[in-house]
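Visitor: Handing you a structure now.
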Amino acid sequence: MNSSELRSTLALAGIFGLRMLGLFLLLPVFSLHAEGLPGGDRAFLVGLSLGMFNIVQAFFHIPLGALSDRIGRRPVVVGGLICFVLGALIAASHDDLLWIGIGRGLMGAGAISAAISAWVADLVSEKVRTMAMAIVGGSIAISFALSLVLAAPIYRWISLDGMFLLLAAMGFVAILVALWYVPAPEKKSTPQHTPFFTILRRPELMRLNVGVFVLNATQVAMFLVVPRLLVQMGFPLSRHWEIYLPVLLISFALMAPILVLGEKKQRLRVAVLVAIGLLFISQVVFIEASTILLISAALLIYFVGFNLLEALQPSLVSRWAQDSKGTALGIYNTTQSLGLFFGAAVGGLVTQYFGELSVFMLGMALIFAWLIIAWSMRELPAKKHAQETPAA
């Protein structure tokens with residue numbers, strides 16, 4: 001990866017990570033904060049308010065991804081970040097579940113994940129695209145790690161309103177980066193766009209869409225439960241970072257060799273299946289977890305698989321989609337948003353009526369179904385050896 005590719009990838013990964021921070025920063029504290037709000041004793045309403053970001057986002061990923069194929073990545077990304085900032089300001093100005101949900105819905109309306117991923121794919125050559133997508137995927141994991149480590153201290157310092165104001169300020173900085181730092185991709189003289197329904201029905205992409213749905217549903221549902229389990233075991237919220245930070249750092253170290261080996265040996269299918277298997281094992285361990293050590297082990301197993309899939313799947317989507325990356329990634333990110341909403345809403349509902357461990361049983365069922373679907377996936381054709389010329 002040359003310096004221009006690396007600089008652009010890091011800038012776009014930062015913008016991508018910011019949007020995920022808009023979701024993740026609230027996860028460790030929102031369910032506990034909501035207990036003091038009207039309706040906060042109903043887990044389904046709490047999950048619905050938390051998941052509003054994602055369900056609204058689901059309606060915009062496809063049209064904005066397709067729009068970025070036509071009018072360019074930059075205007076779509078900037079417009080989406082403006083929605084993110086305005087939504088954060090609305091959520092910061094009210095302290096009830098309804099207005100927090102409305103603000104998060106507007107934040108979600110700026111659904112730019114597909115445009116950002118397509119922008120990355122435009123700016124780097126195919127031979128380093130998996131590495132670039134791994135950096136973007138890593139920004140998601142870093143956002144998650146920062147959220148788990150910093151959410152409780154920030155919450156104690158500036159409360160939930162201040163957290164939304166912080167996100168708004170970071171969104172403004174991201175707008176400046178998108179406007180003046182990231183280069184525009186080279187224009188193609190004869191752009192080719194595959195019809196929408198052709199992309200939607202392509203088996204390789206359908207498997208990846210199912211995967212991102214399950215991956216994010218299990219993640220959000222899990223973090224409606226895990227903070228409470230730790231508190232019930234006598235581990236206070238202010239110290240949860242002592243578990244999350246080592247788990248995430250070790251998971252990065254463990255997943256990297258699998259990613260590098262899968263890419264080098266052209267065995268990305270095997271890497272995906274290994275990652276799904278790790279997710280399944282983590283749910284089994286969660287069900288049996290009766291100590292803080294076992295919960296930590298389950299989290300470690302889960303995040304090795306999670307980080308692998310966050311690196312691999314967007315790269316696979318962009319390479320199968322070829323010239324309609326924005327549309328394909330729009331569909332992919334729509335199913336991601338649906339998964340996040342499903343995990344928040346259904347996870348809250350299942351917890352409310354069937355107990356906390358039932359969330360992990362639901363996760364086992366979803367992941368096992370995903371493993372069956374993914375088993376028949378094909379390996380990608382060998383990468384092009386000719387150097388593509390990315391945008392300067």
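Identifiers for the structure tokens are assigned positionally: chains receive A, B, ... in sequence, residues are indexed from 1 per chain, and ligands are indexed from 1 in the order shown.
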Can you pull out the residues contacting A:Gly47? Cut-off 10 Å, using only C-alpha atoms, and skip same-chain residues under 2 positions away; I want them as number ranges by chain.

Guide: A: 30-31, 34, 40, 42-45, 49-52, 220-221, 224, 341-349

Visitor: Go ahead and save the picked residues with N, CA, C and O atoms, as a CSV table (one decimal), in the first residue's frame.

Guide:
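And here's out04.csv as it stands now:
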chain,number,residue,atom,x,y,z
A,30,PHE,N,-26.1,2.7,28.4
A,30,PHE,CA,-27.4,3.2,28.0
A,30,PHE,C,-28.5,2.4,28.8
A,30,PHE,O,-29.4,3.0,29.4
A,31,SER,N,-28.4,1.1,28.9
A,31,SER,CA,-29.4,0.4,29.6
A,31,SER,C,-29.5,0.7,31.1
A,31,SER,O,-30.5,0.8,31.7
A,34,ALA,N,-31.0,4.4,31.3
A,34,ALA,CA,-32.4,4.4,31.0
A,34,ALA,C,-33.2,3.9,32.1
A,34,ALA,O,-34.5,4.2,32.2
A,40,GLY,N,-38.1,3.2,31.4
A,40,GLY,CA,-36.8,2.6,31.4
A,40,GLY,C,-36.7,1.2,32.1
A,40,GLY,O,-35.7,0.5,32.0
A,42,ARG,N,-38.7,-1.1,31.2
A,42,ARG,CA,-39.2,-2.0,30.1
A,42,ARG,C,-38.0,-2.2,29.1
A,42,ARG,O,-37.7,-1.3,28.3
A,43,ALA,N,-37.4,-3.4,29.2
A,43,ALA,CA,-36.2,-3.7,28.4
A,43,ALA,C,-36.5,-3.5,26.9
A,43,ALA,O,-35.6,-3.1,26.1
A,44,PHE,N,-37.7,-3.8,26.4
A,44,PHE,CA,-38.0,-3.7,25.0
A,44,PHE,C,-37.9,-2.2,24.5
A,44,PHE,O,-37.4,-1.9,23.5
A,45,LEU,N,-38.5,-1.3,25.3
A,45,LEU,CA,-38.5,0.1,25.0
A,45,LEU,C,-37.0,0.7,25.0
A,45,LEU,O,-36.7,1.5,24.2
A,49,SER,N,-35.2,2.2,21.6
A,49,SER,CA,-34.6,3.5,21.6
A,49,SER,C,-33.2,3.4,21.2
A,49,SER,O,-32.7,4.2,20.3
A,50,LEU,N,-32.5,2.4,21.7
A,50,LEU,CA,-31.1,2.2,21.3
A,50,LEU,C,-30.9,1.8,19.9
A,50,LEU,O,-30.0,2.2,19.2
A,51,GLY,N,-31.9,1.0,19.4
A,51,GLY,CA,-31.8,0.5,18.0
A,51,GLY,C,-32.3,1.3,17.0
A,51,GLY,O,-32.3,1.0,15.8
A,52,MET,N,-32.9,2.5,17.3
A,52,MET,CA,-33.5,3.4,16.3
A,52,MET,C,-32.5,3.9,15.3
A,52,MET,O,-32.8,4.0,14.1
A,220,VAL,N,-25.0,-6.7,19.5
A,220,VAL,CA,-25.8,-5.8,20.3
A,220,VAL,C,-26.6,-6.5,21.4
A,220,VAL,O,-26.6,-6.0,22.5
A,221,ALA,N,-27.2,-7.6,21.0
A,221,ALA,CA,-27.9,-8.4,22.0
A,221,ALA,C,-27.0,-8.8,23.2
A,221,ALA,O,-27.4,-8.7,24.4
A,224,LEU,N,-26.5,-6.0,25.7
A,224,LEU,CA,-27.6,-5.7,26.5
A,224,LEU,C,-27.5,-6.5,27.8
A,224,LEU,O,-28.1,-6.1,28.8
A,341,PHE,N,-30.5,-3.5,14.7
A,341,PHE,CA,-31.8,-3.2,15.2
A,341,PHE,C,-32.5,-4.5,15.8
A,341,PHE,O,-33.0,-4.5,16.9
A,342,PHE,N,-32.4,-5.6,15.1
A,342,PHE,CA,-32.9,-6.9,15.5
A,342,PHE,C,-32.3,-7.3,16.9
A,342,PHE,O,-32.9,-7.7,17.8
A,343,GLY,N,-30.9,-7.1,17.0
A,343,GLY,CA,-30.3,-7.5,18.2
A,343,GLY,C,-30.7,-6.6,19.4
A,343,GLY,O,-30.9,-7.2,20.5
A,344,ALA,N,-30.9,-5.3,19.1
A,344,ALA,CA,-31.3,-4.4,20.2
A,344,ALA,C,-32.8,-4.7,20.6
A,344,ALA,O,-33.1,-4.9,21.8
A,345,ALA,N,-33.7,-4.7,19.6
A,345,ALA,CA,-35.1,-4.8,20.0
A,345,ALA,C,-35.5,-6.3,20.4
A,345,ALA,O,-36.1,-6.5,21.5
A,346,VAL,N,-35.1,-7.3,19.6
A,346,VAL,CA,-35.5,-8.6,19.9
A,346,VAL,C,-34.6,-9.1,21.1
A,346,VAL,O,-35.2,-9.9,22.0
A,347,GLY,N,-33.4,-8.7,21.2
A,347,GLY,CA,-32.6,-9.0,22.4
A,347,GLY,C,-33.2,-8.5,23.7
A,347,GLY,O,-33.3,-9.2,24.7
A,348,GLY,N,-33.7,-7.3,23.6
A,348,GLY,CA,-34.4,-6.7,24.8
A,348,GLY,C,-35.7,-7.5,25.1
A,348,GLY,O,-36.0,-7.8,26.3
A,349,LEU,N,-36.4,-7.8,24.1
A,349,LEU,CA,-37.7,-8.6,24.3
A,349,LEU,C,-37.4,-10.0,24.9
A,349,LEU,O,-38.1,-10.4,25.8

Visitor: Identify, on the basis of only C-alpha atoms, every residue whose closest approach to stretch 85-92 of chain A does not exceed 7 Å; exclude the query and any residue fewer than 3 positions from it along the same chain; express the result as a PDB file with N, CA and C atoms, in the first residue's frame.

Guide:
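around-v5.pdb, written as the output of this step:
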ATOM      1  N   LEU A  81     -22.928  12.966   7.227  1.00  0.00           N
ATOM      2  CA  LEU A  81     -22.318  13.464   8.467  1.00  0.00           C
ATOM      3  C   LEU A  81     -23.089  14.656   9.031  1.00  0.00           C
ATOM      4  N   ILE A  82     -23.674  15.471   8.173  1.00  0.00           N
ATOM      5  CA  ILE A  82     -24.509  16.580   8.649  1.00  0.00           C
ATOM      6  C   ILE A  82     -25.723  16.030   9.410  1.00  0.00           C
ATOM      7  N   TRP A  99     -37.307  11.275  22.626  1.00  0.00           N
ATOM      8  CA  TRP A  99     -36.468  12.209  21.890  1.00  0.00           C
ATOM      9  C   TRP A  99     -35.077  11.664  21.648  1.00  0.00           C
ATOM     10  N   ILE A 100     -34.584  10.845  22.563  1.00  0.00           N
ATOM     11  CA  ILE A 100     -33.305  10.185  22.299  1.00  0.00           C
ATOM     12  C   ILE A 100     -33.441   9.288  21.076  1.00  0.00           C
ATOM     13  N   GLY A 103     -33.557  11.514  17.942  1.00  0.00           N
ATOM     14  CA  GLY A 103     -32.222  12.004  17.611  1.00  0.00           C
ATOM     15  C   GLY A 103     -31.354  10.914  17.009  1.00  0.00           C
ATOM     16  N   ARG A 104     -31.418   9.720  17.607  1.00  0.00           N
ATOM     17  CA  ARG A 104     -30.625   8.619  17.066  1.00  0.00           C
ATOM     18  C   ARG A 104     -31.134   8.192  15.700  1.00  0.00           C
ATOM     19  N   LEU A 106     -32.281  10.274  13.404  1.00  0.00           N
ATOM     20  CA  LEU A 106     -31.698  11.225  12.450  1.00  0.00           C
ATOM     21  C   LEU A 106     -30.205  10.945  12.258  1.00  0.00           C
ATOM     22  N   MET A 107     -29.517  10.577  13.326  1.00  0.00           N
ATOM     23  CA  MET A 107     -28.111  10.182  13.191  1.00  0.00           C
ATOM     24  C   MET A 107     -27.984   9.007  12.219  1.00  0.00           C
ATOM     25  N   ASP A 161     -26.105  13.406  27.937  1.00  0.00           N
ATOM     26  CA  ASP A 161     -26.225  14.584  27.075  1.00  0.00           C
ATOM     27  C   ASP A 161     -24.859  15.018  26.556  1.00  0.00           C
ATOM     28  N   GLY A 162     -23.877  15.026  27.448  1.00  0.00           N
ATOM     29  CA  GLY A 162     -22.529  15.412  27.037  1.00  0.00           C
ATOM     30  C   GLY A 162     -21.922  14.443  26.042  1.00  0.00           C
ATOM     31  N   PHE A 164     -23.552  12.854  23.700  1.00  0.00           N
ATOM     32  CA  PHE A 164     -24.103  13.213  22.388  1.00  0.00           C
ATOM     33  C   PHE A 164     -23.450  14.479  21.840  1.00  0.00           C
ATOM     34  N   LEU A 165     -23.178  15.468  22.712  1.00  0.00           N
ATOM     35  CA  LEU A 165     -22.500  16.685  22.258  1.00  0.00           C
ATOM     36  C   LEU A 165     -21.089  16.367  21.774  1.00  0.00           C
ATOM     37  N   LEU A 167     -20.128  13.545  20.386  1.00  0.00           N
ATOM     38  CA  LEU A 167     -20.282  12.922  19.071  1.00  0.00           C
ATOM     39  C   LEU A 167     -20.560  13.973  17.995  1.00  0.00           C
ATOM     40  N   ALA A 168     -21.363  14.997  18.334  1.00  0.00           N
ATOM     41  CA  ALA A 168     -21.651  16.066  17.366  1.00  0.00           C
ATOM     42  C   ALA A 168     -20.374  16.810  16.988  1.00  0.00           C
ATOM     43  N   GLY A 171     -18.311  14.687  14.754  1.00  0.00           N
ATOM     44  CA  GLY A 171     -18.926  14.643  13.427  1.00  0.00           C
ATOM     45  C   GLY A 171     -18.567  15.865  12.603  1.00  0.00           C
ATOM     46  N   PHE A 172     -18.499  17.031  13.244  1.00  0.00           N
ATOM     47  CA  PHE A 172     -18.117  18.250  12.528  1.00  0.00           C
ATOM     48  C   PHE A 172     -16.686  18.145  12.008  1.00  0.00           C
TER      49      PHE A 172
END

Visitor: Given only C-alpha atoms as the basis, pick out the residue of A:Ala152, A:Leu6, A:Leu366, A:Val350 nearest to A:Ile135.

Guide: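 Using only C-alpha atoms, A:Ile135 sits closest to A:Leu6.
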
Visitor: Using only C-alpha atoms, pick whichever of A:Glu5, A:Glu356, A:Glu310, A:Glu35 has the shortest atom-to-atom distance to A:Met133.

Guide: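 Of A:Glu5, A:Glu356, A:Glu310, A:Glu35, the one nearest A:Met133 is A:Glu310, counting only C-alpha atoms.
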
Visitor: Any idea what's packed within 6 Å of A:Gly326, counting only C-alpha atoms, ignoring anything in its chain fewer than 5 positions away? Could you give it as a VMD selection string?

Guide: chain A and resid 65 to 66 69 114 to 115 118

Visitor: What are the closest atom pairs, with distances in Å to one decimal, for each residue of stretch 60-162 of chain A lying within 7 Å of stretch 232-256 of chain A, using only C-alpha atoms, rows by chain and rising residue number, as a Markdown table?

Guide:
| residue | atom | partner | partner_atom | distance |
| --- | --- | --- | --- | --- |
| A:Ala145 | CA | A:Leu245 | CA | 6.2 |
| A:Leu148 | CA | A:Trp241 | CA | 5.8 |
| A:Val149 | CA | A:Trp241 | CA | 4.3 |
| A:Ala152 | CA | A:Ser238 | CA | 5.7 |
| A:Pro153 | CA | A:Ser238 | CA | 6.9 |

Visitor: Check the smallest atom-to-atom distance from each of A:Met222, A:Leu10, A:Met131, A:Val78 to A:Ser282 using only C-alpha atoms, then report the winner.

Guide: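 With only C-alpha atoms as the atom set, the closest residue is A:Met222.
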
Visitor: Identify, on the basis of only C-alpha atoms, every residue whose closest approach to A:Arg202 does not exceed 12 Å; exclude the query and any residue fewer than 6 positions from it along the same chain; express the result as JSON, numbers by chain.

Guide: {"A": [194, 195, 196, 208, 209, 317, 320, 321, 328, 331, 377]}

Visitor: Write the residues of the selection above to a file with N, CA, C and O atoms, as an mmCIF file, in the first residue's frame.

Guide:
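What landed in again.cif:
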data_model
loop_
_atom_site.group_PDB
_atom_site.id
_atom_site.type_symbol
_atom_site.label_atom_id
_atom_site.label_comp_id
_atom_site.auth_asym_id
_atom_site.auth_seq_id
_atom_site.Cartn_x
_atom_site.Cartn_y
_atom_site.Cartn_z
ATOM 1 N N THR A 194 -24.255 -2.792 -12.511
ATOM 2 C CA THR A 194 -25.064 -4.004 -12.544
ATOM 3 C C THR A 194 -26.446 -3.681 -11.998
ATOM 4 O O THR A 194 -26.572 -2.966 -11.000
ATOM 5 N N PRO A 195 -27.529 -4.191 -12.597
ATOM 6 C CA PRO A 195 -28.876 -3.928 -12.089
ATOM 7 C C PRO A 195 -29.016 -4.333 -10.621
ATOM 8 O O PRO A 195 -28.416 -5.317 -10.166
ATOM 9 N N PHE A 196 -29.816 -3.558 -9.885
ATOM 10 C CA PHE A 196 -29.960 -3.745 -8.443
ATOM 11 C C PHE A 196 -30.343 -5.176 -8.080
ATOM 12 O O PHE A 196 -29.733 -5.800 -7.201
ATOM 13 N N LEU A 208 -22.901 -13.222 2.373
ATOM 14 C CA LEU A 208 -22.236 -12.185 3.160
ATOM 15 C C LEU A 208 -23.256 -11.285 3.853
ATOM 16 O O LEU A 208 -23.028 -10.824 4.989
ATOM 17 N N ASN A 209 -24.376 -11.024 3.203
ATOM 18 C CA ASN A 209 -25.425 -10.210 3.819
ATOM 19 C C ASN A 209 -26.046 -10.911 5.025
ATOM 20 O O ASN A 209 -26.293 -10.289 6.061
ATOM 21 N N VAL A 317 -17.271 -8.372 -0.306
ATOM 22 C CA VAL A 317 -18.387 -7.727 -0.999
ATOM 23 C C VAL A 317 -17.878 -6.855 -2.141
ATOM 24 O O VAL A 317 -18.364 -6.940 -3.279
ATOM 25 N N TRP A 320 -16.552 -9.046 -5.055
ATOM 26 C CA TRP A 320 -17.588 -9.746 -5.837
ATOM 27 C C TRP A 320 -18.428 -8.761 -6.638
ATOM 28 O O TRP A 320 -18.923 -9.077 -7.718
ATOM 29 N N ALA A 321 -18.625 -7.526 -6.104
ATOM 30 C CA ALA A 321 -19.521 -6.567 -6.754
ATOM 31 C C ALA A 321 -18.866 -5.844 -7.919
ATOM 32 O O ALA A 321 -19.552 -5.362 -8.822
ATOM 33 N N ALA A 328 -23.818 -2.615 -3.861
ATOM 34 C CA ALA A 328 -23.631 -3.871 -3.126
ATOM 35 C C ALA A 328 -23.339 -3.615 -1.657
ATOM 36 O O ALA A 328 -23.881 -4.290 -0.763
ATOM 37 N N ILE A 331 -26.523 -2.582 0.160
ATOM 38 C CA ILE A 331 -27.318 -3.735 0.585
ATOM 39 C C ILE A 331 -26.686 -4.395 1.808
ATOM 40 O O ILE A 331 -27.367 -4.734 2.785
ATOM 41 N N MET A 377 -20.002 -21.471 0.380
ATOM 42 C CA MET A 377 -19.428 -20.319 -0.318
ATOM 43 C C MET A 377 -18.188 -20.734 -1.110
ATOM 44 O O MET A 377 -17.499 -21.696 -0.756
#

Visitor: Counting only C-alpha atoms, which of A:Phe16, A:Phe368, A:Phe53, A:Tyr302 gets nearest to A:Val177?

Guide: A:Phe16

Visitor: Skipping near chain neighbours, those fewer than 6 positions away, what residues fall within 12 Å of A:Arg269 using only C-alpha atoms, listed as a list in words?

Guide: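 That gives Glu204, Arg207, Leu208, Ile258, Leu259, Leu261, Gly262, Glu263, Ala275, Ile276, Leu308, Leu309, Leu312, Gln313, Leu316, Leu371, Ala374, Trp375, Ser376, Met377, Arg378, Glu379, Leu380 and Pro381 of chain A.
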